[in-house]
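Below is the file entry.txt, which contains compact mmCIF, C-alpha atoms.
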# COMPACT_ATOMS: atom_id res chain seq x y z
CA MET A 11 0.00 0.00 0.00
CA PHE A 12 2.69 2.42 1.04
CA SER A 13 5.01 1.41 -1.75
CA LEU A 14 2.19 1.98 -4.21
CA LEU A 15 1.62 5.41 -2.79
CA ALA A 16 5.28 6.22 -3.02
CA GLU A 17 5.35 5.20 -6.67
CA ASP A 18 2.36 7.39 -7.39
CA ALA A 19 3.99 10.29 -5.62
CA THR A 20 7.08 10.32 -7.88
CA VAL A 21 7.40 13.72 -9.51
CA GLY A 22 9.08 14.60 -12.76
CA GLU A 23 12.35 16.53 -12.73
CA PRO A 24 11.79 20.26 -13.19
CA THR A 25 12.51 21.37 -16.74
CA GLY A 26 13.30 24.60 -18.55
CA VAL A 27 14.92 27.59 -16.88
CA TRP A 28 13.72 26.55 -13.46
CA GLY A 29 15.13 23.07 -14.08
CA ALA A 30 18.52 24.54 -14.91
CA ILE A 31 18.53 26.61 -11.72
CA ALA A 32 17.48 23.61 -9.64
CA GLY A 33 20.17 21.50 -11.29
CA GLY A 34 22.73 24.21 -10.55
CA ALA A 35 21.68 24.24 -6.90
CA GLU A 36 22.11 20.48 -6.66
CA TYR A 37 25.53 20.70 -8.30
CA PHE A 38 26.52 23.47 -5.90
CA ILE A 39 25.50 21.58 -2.78
CA GLY A 40 27.04 18.42 -4.25
CA ILE A 41 30.51 19.95 -3.99
CA PHE A 42 30.05 20.48 -0.26
CA ASN A 43 28.40 17.10 0.29
CA GLU A 44 31.44 15.49 -1.27
CA GLY A 45 33.76 17.68 0.82
CA GLY A 46 31.77 16.78 3.92
CA ALA A 47 32.11 13.07 3.16
CA VAL A 48 35.88 13.51 2.74
CA LEU A 49 36.03 15.41 6.04
CA THR A 50 34.12 12.64 7.84
CA GLY A 51 36.62 10.14 6.47
CA LEU A 52 39.58 12.23 7.63
CA VAL A 53 38.16 12.93 11.08
CA THR A 54 37.12 9.35 11.85
CA GLY A 55 40.05 7.75 10.05
CA ILE A 56 42.98 9.88 11.15
CA ILE A 57 42.18 11.97 14.24
CA PRO A 58 41.55 9.22 16.86
CA THR A 59 44.84 7.43 16.15
CA LEU A 60 46.62 10.74 15.82
CA LEU A 61 45.36 11.99 19.20
CA VAL A 62 46.49 8.84 21.00
CA LEU A 63 49.86 8.87 19.23
CA LEU A 64 50.39 12.58 19.92
CA THR A 65 49.58 12.05 23.59
CA ALA A 66 51.96 9.12 23.96
CA VAL A 67 54.88 10.90 22.26
CA ASN A 68 54.25 14.21 24.04
CA ALA A 69 54.24 12.38 27.38
CA LEU A 70 57.46 10.56 26.48
CA ILE A 71 59.13 13.86 25.60
CA ARG A 72 57.96 15.39 28.88
CA LEU A 73 59.31 12.46 30.89
CA ILE A 74 62.69 12.37 29.11
CA GLY A 75 63.17 16.13 29.10
CA PRO A 76 64.11 17.80 25.80
CA GLU A 77 66.96 19.77 27.38
CA LYS A 78 69.11 16.61 27.28
CA ILE A 79 69.93 17.04 23.58
CA GLU A 80 71.54 20.40 24.30
CA ASN A 81 74.61 18.52 25.52
CA LEU A 82 74.87 16.75 22.19
CA GLY A 83 74.51 20.09 20.44
CA LYS A 84 77.57 21.40 22.26
CA LYS A 85 79.67 18.45 21.10
CA ALA A 86 78.44 18.40 17.50
CA GLY A 87 80.19 21.66 16.58
CA GLN A 88 83.66 20.12 16.72
CA PRO A 89 85.71 19.87 13.52
CA GLY A 90 86.49 16.46 12.05
CA LEU A 91 84.80 14.02 9.73
CA ILE A 92 83.28 11.95 12.56
CA TRP A 93 81.13 14.89 13.62
CA TYR A 94 79.46 15.31 10.22
CA PRO A 95 76.90 12.51 10.82
CA VAL A 96 76.32 13.81 14.34
CA ARG A 97 75.78 17.38 13.16
CA TYR A 98 73.61 16.70 10.11
CA LEU A 99 71.96 13.41 10.99
CA VAL A 100 71.70 12.62 14.72
CA LEU A 101 71.35 16.18 15.99
CA PRO A 102 68.66 17.38 13.53
CA VAL A 103 66.68 14.16 13.97
CA LEU A 104 66.70 14.41 17.78
CA ALA A 105 66.03 18.15 17.65
CA VAL A 106 63.01 17.73 15.37
CA PHE A 107 61.69 14.75 17.34
CA PHE A 108 62.02 16.31 20.79
CA LEU A 109 61.59 20.02 20.15
CA THR A 110 59.39 19.80 17.01
CA ASN A 111 58.97 22.44 14.30
CA PRO A 112 59.91 25.32 14.77
CA MET A 113 61.69 25.08 18.15
CA ALA A 114 64.10 22.47 16.75
CA TYR A 115 66.10 25.23 15.06
CA THR A 116 67.05 26.73 18.44
CA ILE A 117 69.58 23.88 18.83
CA GLY A 118 71.64 25.67 16.18
CA ARG A 119 72.78 28.10 18.90
CA PHE A 120 75.24 25.53 20.22
CA LEU A 121 77.05 25.32 16.89
CA PRO A 122 79.74 27.67 15.51
CA GLU A 123 78.40 30.31 13.09
CA ARG A 124 79.78 28.55 10.00
CA PHE A 125 77.66 25.44 10.64
CA LYS A 126 74.37 27.19 11.46
CA PRO A 127 72.90 27.53 7.94
CA ALA A 128 73.73 23.88 7.16
CA PHE A 129 72.17 22.69 10.42
CA TYR A 130 69.03 24.70 9.73
CA ASP A 131 68.82 23.26 6.20
CA SER A 132 69.26 19.77 7.55
CA ALA A 133 66.71 20.13 10.36
CA VAL A 134 64.03 21.89 8.31
CA SER A 135 64.27 19.24 5.59
CA PHE A 136 63.38 16.58 8.13
CA VAL A 137 60.11 18.11 9.36
CA HIS A 138 58.10 16.33 6.66
CA PRO A 139 59.81 12.93 6.32
CA ILE A 140 59.31 12.44 10.07
CA THR A 141 55.53 13.00 9.90
CA GLY A 142 54.86 9.58 8.36
CA LEU A 143 55.73 7.89 11.66
CA PHE A 144 55.80 10.74 14.19
CA PRO A 145 53.18 13.36 13.29
CA HIS A 146 53.71 15.22 16.57
CA ALA A 147 56.92 16.76 15.19
CA ASN A 148 55.08 18.91 12.65
CA ALA A 149 51.37 18.57 13.29
CA GLY A 150 50.45 21.70 11.34
CA GLU A 151 51.84 20.44 8.02
CA LEU A 152 50.72 16.82 7.90
CA PHE A 153 49.12 16.88 4.48
CA VAL A 154 52.31 16.85 2.44
CA TYR A 155 52.53 13.20 3.52
CA LEU A 156 48.87 12.51 4.36
CA GLY A 157 47.65 13.91 1.04
CA ILE A 158 49.76 11.53 -1.01
CA ALA A 159 49.28 8.70 1.49
CA ALA A 160 45.49 9.04 1.07
CA GLY A 161 45.89 7.85 -2.52
CA ILE A 162 47.76 4.75 -1.36
CA THR A 163 45.01 4.05 1.18
CA THR A 164 42.36 4.43 -1.54
CA LEU A 165 44.14 1.73 -3.54
CA GLY A 166 43.91 -0.55 -0.51
CA PHE A 167 47.65 -0.75 0.29
CA GLY A 168 49.22 -0.37 3.73
CA LEU A 169 51.08 2.86 4.56
CA GLY A 170 53.98 1.29 6.47
CA ASP A 171 56.10 0.80 3.38
CA LEU A 172 55.71 4.42 2.24
CA ALA A 173 56.16 5.87 5.75
CA ILE A 174 59.40 4.02 6.48
CA ARG A 175 60.91 4.67 3.04
CA PHE A 176 59.99 8.37 3.32
CA LEU A 177 61.78 8.47 6.68
CA LEU A 178 64.90 6.63 5.46
CA VAL A 179 65.25 8.64 2.25
CA GLY A 180 64.67 11.74 4.38
CA LEU A 181 67.66 10.77 6.54
CA VAL A 182 69.90 10.40 3.48
CA VAL A 183 68.66 13.70 2.04
CA ILE A 184 69.17 15.78 5.22
CA PHE A 185 72.71 14.41 5.58
CA ILE A 186 73.55 15.37 1.98
CA ARG A 187 71.87 18.77 2.42
CA GLY A 188 73.93 19.47 5.54
CA ILE A 189 77.20 18.67 3.79
CA VAL A 190 76.38 20.58 0.57
CA THR A 191 75.10 23.65 2.42
CA GLU A 192 78.10 23.67 4.76
CA PHE A 193 80.40 23.58 1.72
CA ILE A 194 78.55 26.42 -0.03
CA THR A 195 78.44 28.48 3.20
CA SER A 196 82.19 28.11 3.77
CA ARG A 197 82.94 29.13 0.16
CA MET A 198 80.72 32.20 0.46
CA MET A 199 82.20 33.19 3.83
CA ALA A 200 85.73 32.84 2.44
CA ARG A 201 84.86 35.02 -0.55
CA ARG A 202 83.34 37.61 1.78
CA VAL A 203 86.51 37.74 3.91
CA ALA A 204 88.69 38.04 0.78
CA ALA A 205 86.59 40.89 -0.65
CA MET B 50 58.00 2.44 54.63
CA ASN B 51 56.39 5.85 54.65
CA ASN B 52 59.24 7.24 52.57
CA LEU B 53 58.77 4.52 49.99
CA LEU B 54 55.07 5.26 49.70
CA VAL B 55 55.73 8.94 49.22
CA LYS B 56 58.31 8.16 46.53
CA ILE B 57 55.96 5.84 44.66
CA GLY B 58 53.14 8.34 45.01
CA ARG B 59 55.31 11.12 43.58
CA GLY B 60 56.53 8.95 40.71
CA VAL B 61 53.07 7.83 39.71
CA GLY B 62 51.73 11.34 40.11
CA GLY B 63 54.49 12.68 37.88
CA VAL B 64 53.82 10.16 35.13
CA VAL B 65 50.05 10.60 35.26
CA GLY B 66 50.48 14.37 35.28
CA ALA B 67 52.76 14.22 32.25
CA LEU B 68 50.30 11.98 30.39
CA TYR B 69 47.35 14.19 31.23
CA GLN B 70 49.18 17.35 30.17
CA ALA B 71 50.30 15.56 26.99
CA GLY B 72 46.68 14.71 26.22
CA ARG B 73 45.69 18.32 26.77
CA ASP B 74 48.46 19.48 24.40
CA SER B 75 47.42 16.94 21.78
CA VAL B 76 43.77 18.00 21.79
CA GLU B 77 44.90 21.61 21.55
CA THR B 78 47.13 20.80 18.53
CA VAL B 79 44.37 18.89 16.77
CA ILE B 80 41.80 21.65 17.27
CA ARG B 81 44.15 24.54 16.47
CA ASN B 82 46.31 23.14 13.68
CA ILE B 83 45.03 19.87 12.29
CA LEU B 84 41.23 20.18 12.09
CA PRO B 85 41.19 23.56 10.30
CA PHE B 86 43.53 22.20 7.67
CA MET B 87 41.44 19.06 7.28
CA VAL B 88 38.34 21.18 6.62
CA PHE B 89 40.22 23.24 4.06
CA ILE B 90 41.62 20.12 2.35
CA SER B 91 38.18 18.47 2.34
CA PHE B 92 36.72 21.46 0.51
CA ILE B 93 39.47 21.29 -2.10
CA ILE B 94 39.01 17.55 -2.61
CA GLY B 95 35.22 18.01 -2.90
CA LEU B 96 35.77 20.71 -5.49
CA VAL B 97 38.25 18.58 -7.42
CA LEU B 98 36.05 15.47 -7.37
CA VAL B 99 32.74 17.12 -8.31
CA THR B 100 33.81 19.79 -10.81
CA GLY B 101 35.87 19.24 -13.92
CA VAL B 102 38.94 20.71 -12.22
CA GLY B 103 40.04 17.19 -11.40
CA ASP B 104 40.28 16.21 -15.06
CA VAL B 105 42.29 19.31 -15.92
CA ILE B 106 44.70 18.56 -13.07
CA ALA B 107 44.84 14.90 -14.05
CA ASN B 108 45.80 15.86 -17.58
CA THR B 109 48.51 18.33 -16.55
CA ILE B 110 49.94 16.86 -13.34
CA SER B 111 49.75 13.14 -14.04
CA PRO B 112 52.20 13.08 -16.97
CA LEU B 113 54.62 15.13 -14.84
CA ALA B 114 54.19 13.14 -11.63
CA GLY B 115 54.15 9.78 -13.40
CA SER B 116 57.74 9.88 -14.67
CA LEU B 117 61.18 10.57 -13.26
CA VAL B 118 61.85 13.36 -15.79
CA GLY B 119 58.53 15.04 -14.96
CA LEU B 120 59.22 14.90 -11.23
CA LEU B 121 62.70 16.32 -11.79
CA ILE B 122 61.19 19.24 -13.69
CA VAL B 123 58.76 19.89 -10.81
CA SER B 124 61.57 19.77 -8.24
CA ILE B 125 63.83 22.09 -10.25
CA VAL B 126 61.03 24.64 -10.67
CA CYS B 127 60.21 24.50 -6.94
CA SER B 128 63.86 24.96 -5.96
CA ILE B 129 64.59 28.04 -8.12
CA PRO B 130 66.01 30.49 -5.53
CA LEU B 131 63.51 33.23 -6.42
CA LEU B 132 60.49 30.92 -6.33
CA SER B 133 61.30 28.70 -3.37
CA PRO B 134 60.77 31.34 -0.64
CA LEU B 135 57.39 32.19 -2.23
CA LEU B 136 56.28 28.54 -2.37
CA GLY B 137 57.38 27.79 1.18
CA PRO B 138 55.04 29.49 3.71
CA GLY B 139 53.23 27.00 5.93
CA ALA B 140 53.93 24.30 3.34
CA VAL B 141 50.45 25.20 2.05
CA ILE B 142 51.37 24.74 -1.61
CA ALA B 143 53.12 21.42 -0.95
CA GLN B 144 50.12 20.21 1.06
CA ILE B 145 47.60 21.13 -1.64
CA VAL B 146 49.71 19.58 -4.41
CA GLY B 147 50.27 16.51 -2.23
CA THR B 148 46.52 16.15 -1.73
CA LEU B 149 45.82 16.55 -5.45
CA LEU B 150 48.46 13.94 -6.29
CA GLY B 151 46.94 11.64 -3.66
CA VAL B 152 43.56 11.89 -5.42
CA GLU B 153 45.22 10.98 -8.74
CA ILE B 154 47.14 8.07 -7.19
CA GLY B 155 43.86 6.83 -5.71
CA LYS B 156 42.21 6.98 -9.15
CA GLY B 157 45.10 5.05 -10.66
CA THR B 158 46.30 7.74 -13.08
CA ILE B 159 49.64 7.92 -11.25
CA PRO B 160 51.32 4.60 -10.35
CA PRO B 161 51.60 4.18 -6.55
CA GLN B 162 55.37 3.66 -6.52
CA TYR B 163 55.73 7.30 -7.64
CA ALA B 164 54.32 8.40 -4.27
CA LEU B 165 57.82 8.37 -2.73
CA PRO B 166 59.72 10.46 -5.33
CA ALA B 167 56.67 12.75 -5.57
CA LEU B 168 56.93 13.48 -1.83
CA PHE B 169 60.37 14.96 -2.47
CA ALA B 170 59.58 16.52 -5.85
CA ILE B 171 56.81 18.74 -4.47
CA ASN B 172 58.84 19.85 -1.47
CA PRO B 173 62.39 21.03 -2.31
CA GLN B 174 61.30 24.48 -1.10
CA VAL B 175 60.69 23.30 2.47
CA GLY B 176 61.65 26.00 4.95
CA CYS B 177 63.03 28.36 2.26
CA ASP B 178 60.68 31.10 3.46
CA PHE B 179 61.82 30.63 7.04
CA ILE B 180 65.65 30.77 6.76
CA PRO B 181 66.20 34.15 8.51
CA VAL B 182 63.79 33.24 11.32
CA GLY B 183 65.21 29.73 11.66
CA LEU B 184 68.74 31.12 11.85
CA ALA B 185 67.63 33.75 14.35
CA LEU B 186 66.19 30.96 16.53
CA GLY B 187 69.69 29.48 16.39
CA GLU B 188 71.05 32.85 17.56
CA ALA B 189 73.03 33.40 14.36
CA GLU B 190 74.93 36.66 13.76
CA PRO B 191 73.49 38.99 11.07
CA GLU B 192 76.55 38.21 8.90
CA THR B 193 75.71 34.50 9.07
CA VAL B 194 72.13 35.21 8.02
CA GLU B 195 73.38 37.25 5.07
CA VAL B 196 75.47 34.33 3.86
CA GLY B 197 73.14 31.60 5.06
CA VAL B 198 70.03 32.61 3.12
CA PRO B 199 71.63 32.37 -0.35
CA ALA B 200 73.70 29.36 0.72
CA VAL B 201 70.60 27.32 1.62
CA LEU B 202 68.68 28.53 -1.46
CA PHE B 203 71.50 27.56 -3.85
CA SER B 204 72.08 24.30 -2.04
CA ARG B 205 68.44 23.37 -2.69
CA LEU B 206 68.97 23.78 -6.43
CA ILE B 207 71.41 20.85 -6.18
CA THR B 208 69.90 18.78 -3.39
CA GLY B 209 66.24 19.21 -4.43
CA PRO B 210 66.49 17.25 -7.70
CA LEU B 211 69.08 14.92 -6.12
CA ALA B 212 66.53 13.99 -3.45
CA VAL B 213 64.02 13.06 -6.17
CA VAL B 214 66.57 10.77 -7.84
CA ILE B 215 67.43 9.08 -4.52
CA ALA B 216 63.73 8.65 -3.70
CA TYR B 217 63.08 7.28 -7.21
CA PHE B 218 65.66 4.53 -6.75
CA ALA B 219 64.49 3.90 -3.18
CA SER B 220 60.93 3.35 -4.43
CA PHE B 221 61.77 0.18 -6.40
CA GLY B 222 59.62 -2.73 -5.32
CA MET B 223 57.10 -0.55 -3.46
CA TYR B 224 53.42 -1.42 -4.06
CA GLN B 225 54.25 -3.60 -7.04
CA SER B 226 52.94 -7.10 -7.44

Please re-express this file's structure in structure tokens.
Amino acid sequence: MFSLLAEDATVGEPTGVWGAIAGGAEYFIGIFNEGGAVLTGLVTGIIPTLLVLLTAVNALIRLIGPEKIENLGKKAGQPGLIWYPVRYLVLPVLAVFFLTNPMAYTIGRFLPERFKPAFYDSAVSFVHPITGLFPHANAGELFVYLGIAAGITTLGFGLGDLAIRFLLVGLVVIFIRGIVTEFITSRMMARRVAA
Amino acid sequence: MNNLLVKIGRGVGGVVGALYQAGRDSVETVIRNILPFMVFISFIIGLVLVTGVGDVIANTISPLAGSLVGLLIVSIVCSIPLLSPLLGPGAVIAQIVGTLLGVEIGKGTIPPQYALPALFAINPQVGCDFIPVGLALGEAEPETVEVGVPAVLFSRLITGPLAVVIAYFASFGMYQS
């Protein structure tokens, strides 16, 4: 009975000018419906895990005490090949993990002037590769990774592979950046002294 | 005995306090930084999916992002010393492009193994807008800032494309059957 009624009640789509306006309205609201659906997916899919992860890491950092890496910063400024990996790999990674973006760059104050630009370059280049595993380090800029990772999720693949490779390649890249920028900085400083 | 109890009580209190404060910080971060960006990104994805913008982007970005040469071109453009400080602020550009690429990867127009080199190709400008501030946080002398800004910018011209090549070779075997 009710189904019959419902069938009878079906109305034709509006036509003509009014139809075009109505169609336009549906198209318009469709954009935001789609956006709303995407937002629901992001909020339910990402935020709960993210909140728990952020809390755990923030608590860990509080318990360890970020001031501990300052001692390493003081050592990393020494000359010698052994200190290159410390200065442009260990130090920026620990600084970004414990102090997060942008406070990580304050660790540069323990280094001699000639290493500061290279350390900054190294540290700032790590604030995205780290977000795949540790989003707390740069929570405001997650979508460089999350945006691309969303495509991988859509295809039904796990994100572990991408996250860990992003992190490892990031480590290689920040080390190279530190060395190259230190070289360029020293050349420019030498030229400045000569001039 | 009493001493022990006080010690345990203090220890537990400290840990619980740290956890609670950490939770408070996390909620604050999500509400202040993460949620607003999610809303913004959702709007862009909705726009891309419903309107024809998506097809235009697919036709222009996909050929670039689906090959090593294309990604190298993107990274070189983004690391040009005059452009990189303009593209940097808040990583907004990198985040939007990343999201658009993610949509295309999800649709299958870009092969998934290009996700890794793409992450580096869209981001050689990271922090290029922030060099003077970052150096100031490191208490650098004004002379160091004067040298440091061009030094980092020129370094990116070399290391930006290099990062894409490294990521390209590191992506072998990822998401391939």

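Counting all atoms listed in the file, the residue from A:Ala35, A:Leu109, A:Val96, A:Val179 that sits nearest to chain B is A:Val179.
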
Original post:
Between CA of Ala47 (chain A) and CA of Val137 (chain A), what is the spacing in Å?
Top reply: 29.1 Å

Would you tabulate, counting all atoms listed in the file, all residues of chain A that have an atom at most 7 Å from an atom of chain B, showing the closest pair of atoms and their distance in Å to one decimal, sorted by chain then ascending number, as a tab-separated table?
residue	atom	partner	partner_atom	distance
A:Ile41	CA	B:Gly95	CA	5.2
A:Phe42	CA	B:Gly95	CA	6.3
A:Glu44	CA	B:Gly95	CA	4.8
A:Gly45	CA	B:Gly95	CA	4.0
A:Gly46	CA	B:Ser91	CA	6.8
A:Val48	CA	B:Ser91	CA	5.5
A:Leu49	CA	B:Ser91	CA	5.3
A:Leu61	CA	B:Ser75	CA	6.0
A:Leu64	CA	B:Ser75	CA	5.6
A:Thr65	CA	B:Gly72	CA	4.7
A:Asn68	CA	B:Ala71	CA	5.1
A:Ala69	CA	B:Leu68	CA	5.0
A:Arg72	CA	B:Ala67	CA	6.3
A:Leu73	CA	B:Ala67	CA	6.9
A:Tyr115	CA	B:Gly183	CA	5.7
A:Thr116	CA	B:Gly187	CA	4.3
A:Ile117	CA	B:Gly187	CA	6.1
A:Gly118	CA	B:Gly187	CA	4.3
A:Arg119	CA	B:Gly187	CA	4.2
A:Glu123	CA	B:Ala189	CA	6.3
A:Lys126	CA	B:Leu184	CA	6.9
A:Pro127	CA	B:Gly197	CA	5.0
A:Tyr130	CA	B:Gly183	CA	6.6
A:Asp131	CA	B:Val201	CA	6.4
A:Val134	CA	B:Gly176	CA	5.8
A:Ser135	CA	B:Val175	CA	6.2
A:Ala149	CA	B:Ile83	CA	6.5
A:Gly150	CA	B:Asn82	CA	5.0
A:Glu151	CA	B:Ala140	CA	6.4
A:Phe153	CA	B:Gln144	CA	4.9
A:Val154	CA	B:Gln144	CA	4.2
A:Tyr155	CA	B:Leu168	CA	6.9
A:Gly157	CA	B:Thr148	CA	3.7
A:Ile158	CA	B:Gly151	CA	3.9
A:Ala159	CA	B:Gly151	CA	6.4
A:Ala160	CA	B:Gly151	CA	5.6
A:Gly161	CA	B:Gly155	CA	3.9
A:Ile162	CA	B:Gly155	CA	6.2
A:Thr164	CA	B:Gly155	CA	5.0
A:Leu165	CA	B:Gly155	CA	5.5
A:Leu172	CA	B:Leu165	CA	6.7
A:Phe176	CA	B:Leu165	CA	6.4
A:Val179	CA	B:Ala216	CA	6.1
A:Val183	CA	B:Ala212	CA	5.9
A:Arg187	CA	B:Thr208	CA	6.1
A:Val190	CA	B:Ser204	CA	6.3
A:Thr191	CA	B:Ser204	CA	5.4
A:Ile194	CA	B:Ala200	CA	5.7
A:Thr195	CA	B:Ala200	CA	5.4
A:Met198	CA	B:Val196	CA	6.6
A:Met199	CA	B:Val196	CA	6.8

Store the residues picked out above, limited to C-alpha atoms, as a tab-separated table (two decimals), in the frame of the given file.
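Now in selection.tsv:
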chain	number	residue	atom	x	y	z
A	41	ILE	CA	30.51	19.95	-3.99
A	42	PHE	CA	30.05	20.48	-0.26
A	44	GLU	CA	31.44	15.49	-1.27
A	45	GLY	CA	33.76	17.68	0.82
A	46	GLY	CA	31.77	16.78	3.92
A	48	VAL	CA	35.88	13.51	2.74
A	49	LEU	CA	36.03	15.41	6.04
A	61	LEU	CA	45.36	11.99	19.20
A	64	LEU	CA	50.39	12.58	19.92
A	65	THR	CA	49.58	12.05	23.59
A	68	ASN	CA	54.25	14.21	24.04
A	69	ALA	CA	54.24	12.38	27.38
A	72	ARG	CA	57.96	15.39	28.88
A	73	LEU	CA	59.31	12.46	30.89
A	115	TYR	CA	66.10	25.23	15.06
A	116	THR	CA	67.05	26.73	18.44
A	117	ILE	CA	69.58	23.88	18.83
A	118	GLY	CA	71.64	25.67	16.18
A	119	ARG	CA	72.78	28.10	18.90
A	123	GLU	CA	78.40	30.31	13.09
A	126	LYS	CA	74.37	27.19	11.46
A	127	PRO	CA	72.90	27.53	7.94
A	130	TYR	CA	69.03	24.70	9.73
A	131	ASP	CA	68.82	23.26	6.20
A	134	VAL	CA	64.03	21.89	8.31
A	135	SER	CA	64.27	19.24	5.59
A	149	ALA	CA	51.37	18.57	13.29
A	150	GLY	CA	50.45	21.70	11.34
A	151	GLU	CA	51.84	20.44	8.02
A	153	PHE	CA	49.12	16.88	4.48
A	154	VAL	CA	52.31	16.85	2.44
A	155	TYR	CA	52.53	13.20	3.52
A	157	GLY	CA	47.65	13.91	1.04
A	158	ILE	CA	49.76	11.53	-1.01
A	159	ALA	CA	49.28	8.70	1.49
A	160	ALA	CA	45.49	9.04	1.07
A	161	GLY	CA	45.89	7.85	-2.52
A	162	ILE	CA	47.76	4.75	-1.36
A	164	THR	CA	42.36	4.43	-1.54
A	165	LEU	CA	44.14	1.73	-3.54
A	172	LEU	CA	55.71	4.42	2.24
A	176	PHE	CA	59.99	8.37	3.32
A	179	VAL	CA	65.25	8.64	2.25
A	183	VAL	CA	68.66	13.70	2.04
A	187	ARG	CA	71.87	18.77	2.42
A	190	VAL	CA	76.38	20.58	0.57
A	191	THR	CA	75.10	23.65	2.42
A	194	ILE	CA	78.55	26.42	-0.03
A	195	THR	CA	78.44	28.48	3.20
A	198	MET	CA	80.72	32.20	0.46
A	199	MET	CA	82.20	33.19	3.83

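Going from CA of Leu101 (chain A) over to CA of Pro130 (chain B), you cover 26.4 Å.
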
**OP:** Measure the distance from CA of Gly142 (chain A) to CA of Leu120 (chain B) in Å and round it to one decimal.
**Re:** 20.8 Å

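Of the listed residues A:Ile189, A:Ala32, A:Ser196, A:Arg175, the one whose atoms come nearest to Gly222 (chain B) is A:Arg175, with distances taken using all atoms listed in the file.
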
Repair of region 201-212 of chain B at the level of N, CA and C atoms, as an mmCIF file, in the frame of the given file:
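This went into result-v5.cif:
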data_model
loop_
_atom_site.group_PDB
_atom_site.id
_atom_site.type_symbol
_atom_site.label_atom_id
_atom_site.label_comp_id
_atom_site.auth_asym_id
_atom_site.auth_seq_id
_atom_site.Cartn_x
_atom_site.Cartn_y
_atom_site.Cartn_z
ATOM 1 N N VAL B 201 71.630 28.365 1.574
ATOM 2 C CA VAL B 201 70.600 27.320 1.620
ATOM 3 C C VAL B 201 69.823 27.291 0.300
ATOM 4 N N LEU B 202 69.478 28.483 -0.228
ATOM 5 C CA LEU B 202 68.680 28.530 -1.460
ATOM 6 C C LEU B 202 69.431 27.875 -2.624
ATOM 7 N N PHE B 203 70.741 28.153 -2.748
ATOM 8 C CA PHE B 203 71.500 27.560 -3.850
ATOM 9 C C PHE B 203 71.730 26.080 -3.623
ATOM 10 N N SER B 204 71.903 25.718 -2.359
ATOM 11 C CA SER B 204 72.080 24.300 -2.040
ATOM 12 C C SER B 204 70.856 23.491 -2.480
ATOM 13 N N ARG B 205 69.669 24.076 -2.318
ATOM 14 C CA ARG B 205 68.440 23.370 -2.690
ATOM 15 C C ARG B 205 68.378 23.069 -4.187
ATOM 16 N N LEU B 206 68.970 23.973 -4.970
ATOM 17 C CA LEU B 206 68.970 23.780 -6.430
ATOM 18 C C LEU B 206 69.688 22.475 -6.786
ATOM 19 N N ILE B 207 70.688 22.108 -5.963
ATOM 20 C CA ILE B 207 71.410 20.850 -6.180
ATOM 21 C C ILE B 207 70.696 19.691 -5.475
ATOM 22 N N THR B 208 70.385 19.901 -4.185
ATOM 23 C CA THR B 208 69.900 18.780 -3.390
ATOM 24 C C THR B 208 68.418 18.475 -3.625
ATOM 25 N N GLY B 209 67.660 19.453 -4.151
ATOM 26 C CA GLY B 209 66.240 19.210 -4.430
ATOM 27 C C GLY B 209 66.064 18.105 -5.477
ATOM 28 N N PRO B 210 66.595 18.312 -6.696
ATOM 29 C CA PRO B 210 66.490 17.250 -7.700
ATOM 30 C C PRO B 210 67.214 15.964 -7.282
ATOM 31 N N LEU B 211 68.341 16.109 -6.586
ATOM 32 C CA LEU B 211 69.080 14.920 -6.120
ATOM 33 C C LEU B 211 68.190 14.055 -5.217
ATOM 34 N N ALA B 212 67.419 14.720 -4.350
ATOM 35 C CA ALA B 212 66.530 13.990 -3.450
ATOM 36 C C ALA B 212 65.504 13.178 -4.237
#
